Structure formats: structure tokens, C-alpha cells
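Here's the structure we're looking at; comments come further down.
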Amino acid sequence: MLIYDFTTIGNKLFSFRKRMGMTQAEVAEAAGLSDRTYADIERGTVNMRIETILHICDVLHITPDEIFTEKDTNEISKQDEIWERLKSCSPKDQETALRILAAYLQSLD
């Protein structure tokens with residue numbers, strides 16, 4: 001799902017920045033922005049140019065997709081369920097399931 005809300009995008013940037021252990025000033029400097037501009041971006045009060053987004057993503061070692069999209073939690077839980085069921089299968093059954101999945105995905109092309 002695509003995110004259009006600048007506040008949500010800013011919150012995601014805040015989260016990624018904290019995970020990197022960086023301050024707003026460090027991200028701003030590395031991205032070639034003023035401290036104030038980067039702070040406004042995290043607050044969601046400014047619109048960003050594409051080149052600004054790319055610079056920030058580069059500094060935080062993330063892709064634009066990671067800040068502009070949000071996975072559906074229902075989709076994630078379904079993936080987790082499939083993964084858990086696959087892990088509980090025997091190695092032979094896992095291999096069979098993966099071959100079936102590969103054949104199915106190939107048929108989509």
C-alpha cells in the first residue's frame with residue numbers, strides 16, 4: 001500500500017534514523033540539508049523533492065520503497081503462517097512444496 005501522508009513518512013524516517021543511531025543533524029549533514037529542513041521532513045510539514053528523498057535514503061541505507069509503502073499486516077501474517085507451515089514439513093515435503101511454488105510462479109510469466 002502506497003503512503004501519501006507526510007507525517008507517516010516522517011515517522012518512518014524517524015524510526016530508521018533511530019535504528020541507525022544517528023541524530024537529525026547527522027542525517028541532515030550527510031544528506032546535504034539544513035538541520036531545520038530535515039527536522040521539518042521528520043515532522044511531516046514539508047514536501048520533499050525526489051533528489052532529497054534519494055539522498056536521505058542513501059544516508060539511512062534504505063530504499064524509497066521502505067518509506068513510501070506499508071505492508072498490509074494481514075498479508076504479513078499470512079506469509080508468516082505459510083513460512084511456519086513449510087518449516088514444520090519434512091525436508092522432502094519442503095522441496096516438493098518449493099518445486100510446486102516455482103512451477104506456479106513460472107506459469108504466471
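So you can find residues: chains in the C-alpha cells are A, B, ... in the order shown, residues in each start at 1, and ligands are numbered from 1 in order.
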If DSSP is run on the backbone, what residues of stretch 4-64 of chain A are helix (DSSP H, G or I)? A reply as a PyMOL selection string would be ideal.
chain A and resi 6-20+24-31+35-43+50-60+64
Using only C-alpha atoms, which residues sit within 12 Å of A:Ile82 once same-chain residues fewer than 5 positions away are excluded, as a PyMOL selection string?
chain A and resi 75-77+87-89+94+97-98+101
May I ask for the distance between atom CA of A:Met20 and atom CA of A:Leu60, given in Å to one decimal place?
6.9 Å
All residues 9 Å or closer to A:Ala28, only C-alpha atoms, same chain fewer than 4 positions away omitted, as a PyMOL selection string:
chain A and resi 23-24+32-39+56
Could you write out the selected residues, including N, CA and C atoms, as a tab-separated table (two decimals), in the first residue's frame?
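What follows is the written file out_0.tsv:
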```
chain	number	residue	atom	x	y	z
A	23	THR	N	21.70	11.18	14.75
A	23	THR	CA	20.91	12.35	15.13
A	23	THR	C	20.33	12.98	13.87
A	24	GLN	N	19.36	13.87	14.06
A	24	GLN	CA	18.81	14.60	12.91
A	24	GLN	C	19.92	15.40	12.23
A	32	GLY	N	23.10	16.62	2.88
A	32	GLY	CA	23.25	17.94	2.29
A	32	GLY	C	22.07	18.87	2.55
A	33	LEU	N	21.45	18.69	3.73
A	33	LEU	CA	20.28	19.50	4.11
A	33	LEU	C	20.60	20.30	5.36
A	34	SER	N	19.82	21.33	5.59
A	34	SER	CA	19.95	22.04	6.87
A	34	SER	C	19.28	21.20	7.96
A	35	ASP	N	19.71	21.41	9.19
A	35	ASP	CA	19.10	20.70	10.32
A	35	ASP	C	17.60	20.95	10.35
A	36	ARG	N	17.22	22.20	10.14
A	36	ARG	CA	15.81	22.60	10.19
A	36	ARG	C	14.99	21.89	9.12
A	37	THR	N	15.54	21.82	7.91
A	37	THR	CA	14.81	21.15	6.82
A	37	THR	C	14.58	19.69	7.15
A	38	TYR	N	15.64	19.01	7.62
A	38	TYR	CA	15.45	17.59	7.94
A	38	TYR	C	14.47	17.41	9.09
A	39	ALA	N	14.53	18.25	10.09
A	39	ALA	CA	13.58	18.18	11.21
A	39	ALA	C	12.15	18.36	10.71
A	56	ILE	N	18.43	11.18	1.43
A	56	ILE	CA	18.11	10.71	2.78
A	56	ILE	C	18.13	9.18	2.82
```
